[in-house]
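Dropping run_36.cif in here (mmCIF, C-alpha atoms and all ligand atoms):
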data_run
loop_
_atom_site.group_PDB
_atom_site.id
_atom_site.type_symbol
_atom_site.label_atom_id
_atom_site.label_comp_id
_atom_site.auth_asym_id
_atom_site.auth_seq_id
_atom_site.Cartn_x
_atom_site.Cartn_y
_atom_site.Cartn_z
ATOM 1 C CA MET A 1 62.490 -42.541 53.951
ATOM 2 C CA LYS A 2 64.256 -39.262 54.667
ATOM 3 C CA LYS A 3 63.054 -38.021 51.325
ATOM 4 C CA ALA A 4 59.445 -38.974 52.123
ATOM 5 C CA ILE A 5 59.576 -37.051 55.387
ATOM 6 C CA CYS A 6 61.038 -34.083 53.575
ATOM 7 C CA VAL A 7 58.237 -34.127 50.983
ATOM 8 C CA ALA A 8 55.629 -34.448 53.753
ATOM 9 C CA LEU A 9 57.129 -31.487 55.598
ATOM 10 C CA ALA A 10 57.277 -29.417 52.434
ATOM 11 C CA LEU A 11 53.616 -30.217 51.702
ATOM 12 C CA ALA A 12 52.628 -29.321 55.254
ATOM 13 C CA ALA A 13 54.487 -26.026 54.919
ATOM 14 C CA ILE A 14 52.721 -25.215 51.640
ATOM 15 C CA LEU A 15 49.299 -26.126 53.057
ATOM 16 C CA GLY A 16 49.990 -24.237 56.266
ATOM 17 C CA ALA A 17 51.139 -21.180 54.342
ATOM 18 C CA SER A 18 48.087 -21.152 52.068
ATOM 19 C CA VAL A 19 45.773 -21.253 55.092
ATOM 20 C CA ALA A 20 47.778 -18.561 56.861
ATOM 21 C CA THR A 21 47.703 -16.235 53.840
ATOM 22 C CA ALA A 22 43.937 -16.617 53.345
ATOM 23 C CA GLN A 23 42.539 -13.622 55.142
ATOM 24 C CA ILE A 24 38.936 -14.545 56.215
ATOM 25 C CA LYS A 25 38.469 -11.256 58.106
ATOM 26 C CA LYS A 26 39.747 -9.138 55.209
ATOM 27 C CA GLY A 27 41.108 -9.534 51.685
ATOM 28 C CA LYS A 28 44.795 -9.181 50.937
ATOM 29 C CA THR A 29 44.900 -5.746 49.297
ATOM 30 C CA ARG A 30 41.466 -4.097 49.458
ATOM 31 C CA ILE A 31 40.216 -2.302 52.571
ATOM 32 C CA LEU A 32 36.753 -3.864 53.047
ATOM 33 C CA THR A 33 36.627 -6.174 56.080
ATOM 34 C CA THR A 34 34.391 -9.252 56.065
ATOM 35 C CA LYS A 35 32.521 -7.748 59.026
ATOM 36 C CA GLN A 36 31.770 -4.607 56.969
ATOM 37 C CA LEU A 37 30.822 -6.683 53.930
ATOM 38 C CA MET A 38 28.378 -8.663 56.068
ATOM 39 C CA GLY A 39 26.949 -5.753 58.072
ATOM 40 C CA GLY A 40 26.842 -3.221 55.243
ATOM 41 C CA LEU A 41 25.913 -5.308 52.201
ATOM 42 C CA VAL A 42 24.992 -8.945 52.809
ATOM 43 C CA GLN A 43 22.752 -8.482 55.852
ATOM 44 C CA PRO A 44 20.762 -5.402 54.654
ATOM 45 C CA HIS A 45 20.013 -6.908 51.233
ATOM 46 C CA CYS A 46 19.177 -10.296 52.731
ATOM 47 C CA LYS A 47 16.850 -8.694 55.299
ATOM 48 C CA ALA A 48 15.143 -6.547 52.649
ATOM 49 C CA LEU A 49 14.494 -9.707 50.599
ATOM 50 C CA GLY A 50 13.195 -11.647 53.601
ATOM 51 C CA ASP A 51 10.877 -8.797 54.629
ATOM 52 C CA GLY A 52 9.774 -8.068 51.065
ATOM 53 C CA LEU A 53 8.838 -11.678 50.367
ATOM 54 C CA LYS A 54 6.722 -12.219 53.499
ATOM 55 C CA GLU A 55 3.730 -11.226 51.371
ATOM 56 C CA ALA A 56 3.446 -11.130 47.590
ATOM 57 C CA PRO A 57 4.975 -7.806 46.419
ATOM 58 C CA ALA A 58 2.265 -5.181 45.783
ATOM 59 C CA ASP A 59 3.371 -3.664 42.466
ATOM 60 C CA ASP A 60 6.093 -3.394 39.816
ATOM 61 C CA ASP A 61 8.121 -1.012 41.970
ATOM 62 C CA ALA A 62 8.171 -3.526 44.821
ATOM 63 C CA TRP A 63 9.317 -6.310 42.455
ATOM 64 C CA ALA A 64 12.001 -4.012 40.976
ATOM 65 C CA ALA A 65 13.307 -3.197 44.474
ATOM 66 C CA LEU A 66 13.544 -6.921 45.260
ATOM 67 C CA ALA A 67 15.417 -7.525 41.983
ATOM 68 C CA THR A 68 17.973 -4.884 43.016
ATOM 69 C CA HIS A 69 18.460 -6.529 46.408
ATOM 70 C CA ALA A 70 18.894 -9.976 44.815
ATOM 71 C CA ALA A 71 21.373 -8.673 42.210
ATOM 72 C CA LEU A 72 23.497 -6.920 44.841
ATOM 73 C CA LEU A 73 23.433 -9.948 47.113
ATOM 74 C CA ASN A 74 24.602 -11.964 44.107
ATOM 75 C CA GLU A 75 27.582 -9.609 43.753
ATOM 76 C CA THR A 76 28.598 -10.325 47.339
ATOM 77 C CA SER A 77 29.119 -13.989 46.393
ATOM 78 C CA TYR A 78 31.921 -12.803 44.067
ATOM 79 C CA LEU A 79 33.352 -10.372 46.631
ATOM 80 C CA LEU A 80 33.608 -13.219 49.129
ATOM 81 C CA MET A 81 35.883 -15.101 46.697
ATOM 82 C CA ASP A 82 38.011 -12.084 45.700
ATOM 83 C CA ASP A 83 41.313 -10.751 46.972
ATOM 84 C CA GLY A 84 42.524 -13.888 48.757
ATOM 85 C CA ARG A 85 39.674 -13.825 51.271
ATOM 86 C CA CYS A 86 38.616 -17.463 50.756
ATOM 87 C CA PRO A 87 40.370 -19.869 53.148
ATOM 88 C CA ASP A 88 38.935 -23.270 52.172
ATOM 89 C CA ALA A 89 36.362 -25.399 50.321
ATOM 90 C CA THR A 90 33.611 -24.757 52.895
ATOM 91 C CA TRP A 91 33.892 -21.019 52.251
ATOM 92 C CA ALA A 92 33.947 -21.568 48.484
ATOM 93 C CA ASP A 93 30.933 -23.903 48.607
ATOM 94 C CA ALA A 94 28.944 -21.472 50.763
ATOM 95 C CA SER A 95 29.767 -18.611 48.373
ATOM 96 C CA LYS A 96 28.643 -20.794 45.461
ATOM 97 C CA ILE A 97 25.311 -21.539 47.209
ATOM 98 C CA LEU A 98 24.905 -17.795 47.809
ATOM 99 C CA GLY A 99 25.706 -16.989 44.177
ATOM 100 C CA GLU A 100 23.561 -19.682 42.574
ATOM 101 C CA GLY A 101 20.772 -19.220 45.126
ATOM 102 C CA SER A 102 20.574 -15.459 44.583
ATOM 103 C CA ALA A 103 20.609 -15.956 40.790
ATOM 104 C CA GLU A 104 17.698 -18.420 41.117
ATOM 105 C CA LEU A 105 15.928 -15.936 43.403
ATOM 106 C CA TYR A 106 16.508 -13.158 40.858
ATOM 107 C CA ALA A 107 14.966 -15.309 38.116
ATOM 108 C CA LYS A 108 11.863 -15.944 40.267
ATOM 109 C CA ILE A 109 11.590 -12.215 41.013
ATOM 110 C CA GLU A 110 11.880 -11.386 37.299
ATOM 111 C CA ALA A 111 9.053 -13.897 36.675
ATOM 112 C CA LYS A 112 7.064 -12.286 39.547
ATOM 113 C CA ASP A 113 6.696 -15.735 41.098
ATOM 114 C CA ALA A 114 6.206 -14.947 44.793
ATOM 115 C CA GLU A 115 6.035 -18.572 45.975
ATOM 116 C CA GLY A 116 9.060 -19.586 43.914
ATOM 117 C CA ALA A 117 10.958 -16.577 45.212
ATOM 118 C CA GLN A 118 10.218 -17.523 48.817
ATOM 119 C CA ALA A 119 11.513 -21.056 48.224
ATOM 120 C CA ALA A 120 14.633 -19.753 46.446
ATOM 121 C CA PHE A 121 15.252 -17.308 49.304
ATOM 122 C CA LYS A 122 15.100 -20.124 51.820
ATOM 123 C CA ALA A 123 17.532 -22.271 49.812
ATOM 124 C CA MET A 124 19.921 -19.341 49.373
ATOM 125 C CA THR A 125 20.065 -18.562 53.098
ATOM 126 C CA GLN A 126 21.549 -22.013 53.754
ATOM 127 C CA SER A 127 24.788 -20.420 52.573
ATOM 128 C CA CYS A 128 24.863 -18.104 55.612
ATOM 129 C CA GLY A 129 24.778 -20.908 58.171
ATOM 130 C CA THR A 130 27.160 -23.123 56.209
ATOM 131 C CA CYS A 131 29.892 -20.500 56.200
ATOM 132 C CA HIS A 132 29.192 -19.070 59.667
ATOM 133 C CA LYS A 133 29.348 -22.486 61.312
ATOM 134 C CA ALA A 134 32.913 -22.908 60.061
ATOM 135 C CA HIS A 135 34.246 -19.343 59.957
ATOM 136 C CA LYS A 136 32.263 -16.859 62.074
ATOM 137 C CA LYS A 137 34.048 -16.812 65.406
HETATM 138 C C1 LIG B 201 31.574 -17.509 52.694
HETATM 139 C C2 LIG B 201 31.362 -17.163 54.060
HETATM 140 C C3 LIG B 201 30.137 -16.408 54.492
HETATM 141 C C4 LIG B 201 28.873 -16.401 53.933
HETATM 142 C C5 LIG B 201 28.371 -17.159 52.713
HETATM 143 C C6 LIG B 201 28.062 -15.543 54.757
HETATM 144 N N1 LIG B 201 28.808 -15.021 55.779
HETATM 145 FE FE1 LIG B 201 28.141 -13.692 57.175
HETATM 146 N N2 LIG B 201 29.981 -13.729 58.066
HETATM 147 C C7 LIG B 201 31.082 -14.444 57.630
HETATM 148 C C8 LIG B 201 32.202 -14.220 58.521
HETATM 149 C C9 LIG B 201 33.606 -14.804 58.386
HETATM 150 C C10 LIG B 201 31.735 -13.350 59.527
HETATM 151 C C11 LIG B 201 32.540 -12.815 60.721
HETATM 152 C C12 LIG B 201 33.278 -11.560 60.291
HETATM 153 C C13 LIG B 201 34.103 -10.960 61.414
HETATM 154 O O1 LIG B 201 33.544 -10.679 62.487
HETATM 155 O O2 LIG B 201 35.317 -10.768 61.188
HETATM 156 C C14 LIG B 201 30.331 -13.056 59.204
HETATM 157 C C15 LIG B 201 29.530 -12.203 59.929
HETATM 158 C C16 LIG B 201 28.212 -11.901 59.643
HETATM 159 C C17 LIG B 201 27.392 -10.962 60.387
HETATM 160 C C18 LIG B 201 27.836 -10.175 61.612
HETATM 161 C C19 LIG B 201 28.398 -8.840 61.135
HETATM 162 C C20 LIG B 201 28.902 -7.969 62.283
HETATM 163 O O3 LIG B 201 28.742 -6.746 62.191
HETATM 164 O O4 LIG B 201 29.472 -8.518 63.247
HETATM 165 C C21 LIG B 201 26.149 -10.944 59.804
HETATM 166 C C22 LIG B 201 24.941 -10.118 60.211
HETATM 167 C C23 LIG B 201 26.195 -11.863 58.684
HETATM 168 N N3 LIG B 201 27.476 -12.415 58.615
HETATM 169 C C24 LIG B 201 25.129 -12.132 57.850
HETATM 170 C C25 LIG B 201 25.177 -13.053 56.803
HETATM 171 C C26 LIG B 201 24.018 -13.443 56.014
HETATM 172 C C27 LIG B 201 22.600 -12.920 56.218
HETATM 173 C C28 LIG B 201 24.482 -14.339 55.088
HETATM 174 C C29 LIG B 201 23.694 -15.089 54.015
HETATM 175 C C30 LIG B 201 22.859 -14.331 53.129
HETATM 176 C C31 LIG B 201 25.901 -14.506 55.303
HETATM 177 N N4 LIG B 201 26.282 -13.716 56.351
HETATM 178 C C32 LIG B 201 26.710 -15.326 54.531
HETATM 179 C C33 LIG B 201 31.130 -15.256 56.523
HETATM 180 C C34 LIG B 201 30.069 -15.527 55.668
#

As structure tokens - that is how I would like this structure written.
Amino acid sequence: MKKAICVALALAAILGASVATAQIKKGKTRILTTKQLMGGLVQPHCKALGDGLKEAPADDDAWAALATHAALLNETSYLLMDDGRCPDATWADASKILGEGSAELYAKIEAKDAEGAQAAFKAMTQSCGTCHKAHKK
């Protein structure tokens, strides 16, 4: 019985420590804060995609600009998982939705499929709410 309590306490300590060392607001070693990552990278590229997909893009340059935004937004899904920033499964799942969603969006942009791109954009932005609900205080 004593041993069971000891194991339970040890487990609680390990779980508690892993939550405490996950940074959420910042990674462990790099300088970029989550607030800066959101305000400087995620939000601008997401907004540019949302605005750019309201109507079918006019020409090749417009499609190429959207591809750049989608590719950079895709990179942010990796940044969110780097450097000990990820605290839990909700965060990891949301980052996965962002990564897979932006890759799907990129494929639709490459195919110049405006309707498909709009649908992929909508699916991808579910990642924002999923993570914010749990972690944006
Ligand atoms: C895996 C988690 C996660 C995902 C996915 C995520 N965010 Fe965030 N976001 C956060 C956290 C945490 C904060 C709060 C950061 C802080 O204030 O320390 C935040 C804050 C923000 C802010 C406020 C920035 C500021 O200057 O205060 C904006 C805007 C934002 N997110 C946009 C987005 C958009 C758009 C998406 C989807 C494309 C998204 N986020 C996806 C975790 C996430």

Using only C-alpha atoms and all ligand atoms, find each protein or nucleic acid residue lying at most 6 Å from ligand LIG 201 (chain B); present the set as a ChimeraX atom specification.
/A:24-25,34-35,38-39,42-43,46,80,91,94-95,125,127-128,131-132,135-136

Quick one: which residues end up in the PyMOL selection byres (((chain A and resi 71) around 12) and not hetatm) for this structure, as an NGL selection string?
:A and (41-42 or 45-46 or 49 or 64-70 or 72-78 or 98-107 or 109-110)

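The coordinates place CA of Ile97 (chain A) at 6.2 Å from CA of Met124 (chain A).
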
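Nearest-residue note for Lys28 (chain A): choosing from A:Asp88, A:Asp83, A:Asp113, A:Asp93, the minimum distance belongs to A:Asp83, counting all atoms listed in the file.
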
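Rounded to one decimal, CA of Ala92 (chain A) and CA of Lys47 (chain A) lie 22.5 Å from each other.
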
Go through A:Ala58, A:Thr130, A:Ala111, A:Arg85 and flag the residue nearest Ile31 (chain A), using only C-alpha atoms for the distances.
A:Arg85

With distances taken over all atoms listed in the file, which residue among A:Ala56, A:Ala48, A:Leu79, A:Ala62 lies nearest Ala117 (chain A)?
A:Ala56

Around region 108-126 of chain A, fit a box with edges along x, y and z, padding it by 3 Å on each side, then list its centre and edge lengths in Å to one decimal as lines of an AutoDock Vina configuration file.
center_x = 13.8
center_y = -16.8
center_z = 45.2
size_x = 21.5
size_y = 16.9
size_z = 23.1

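Put simply, CA of Gly116 (chain A) is 17.0 Å away from CA of Asp59 (chain A).
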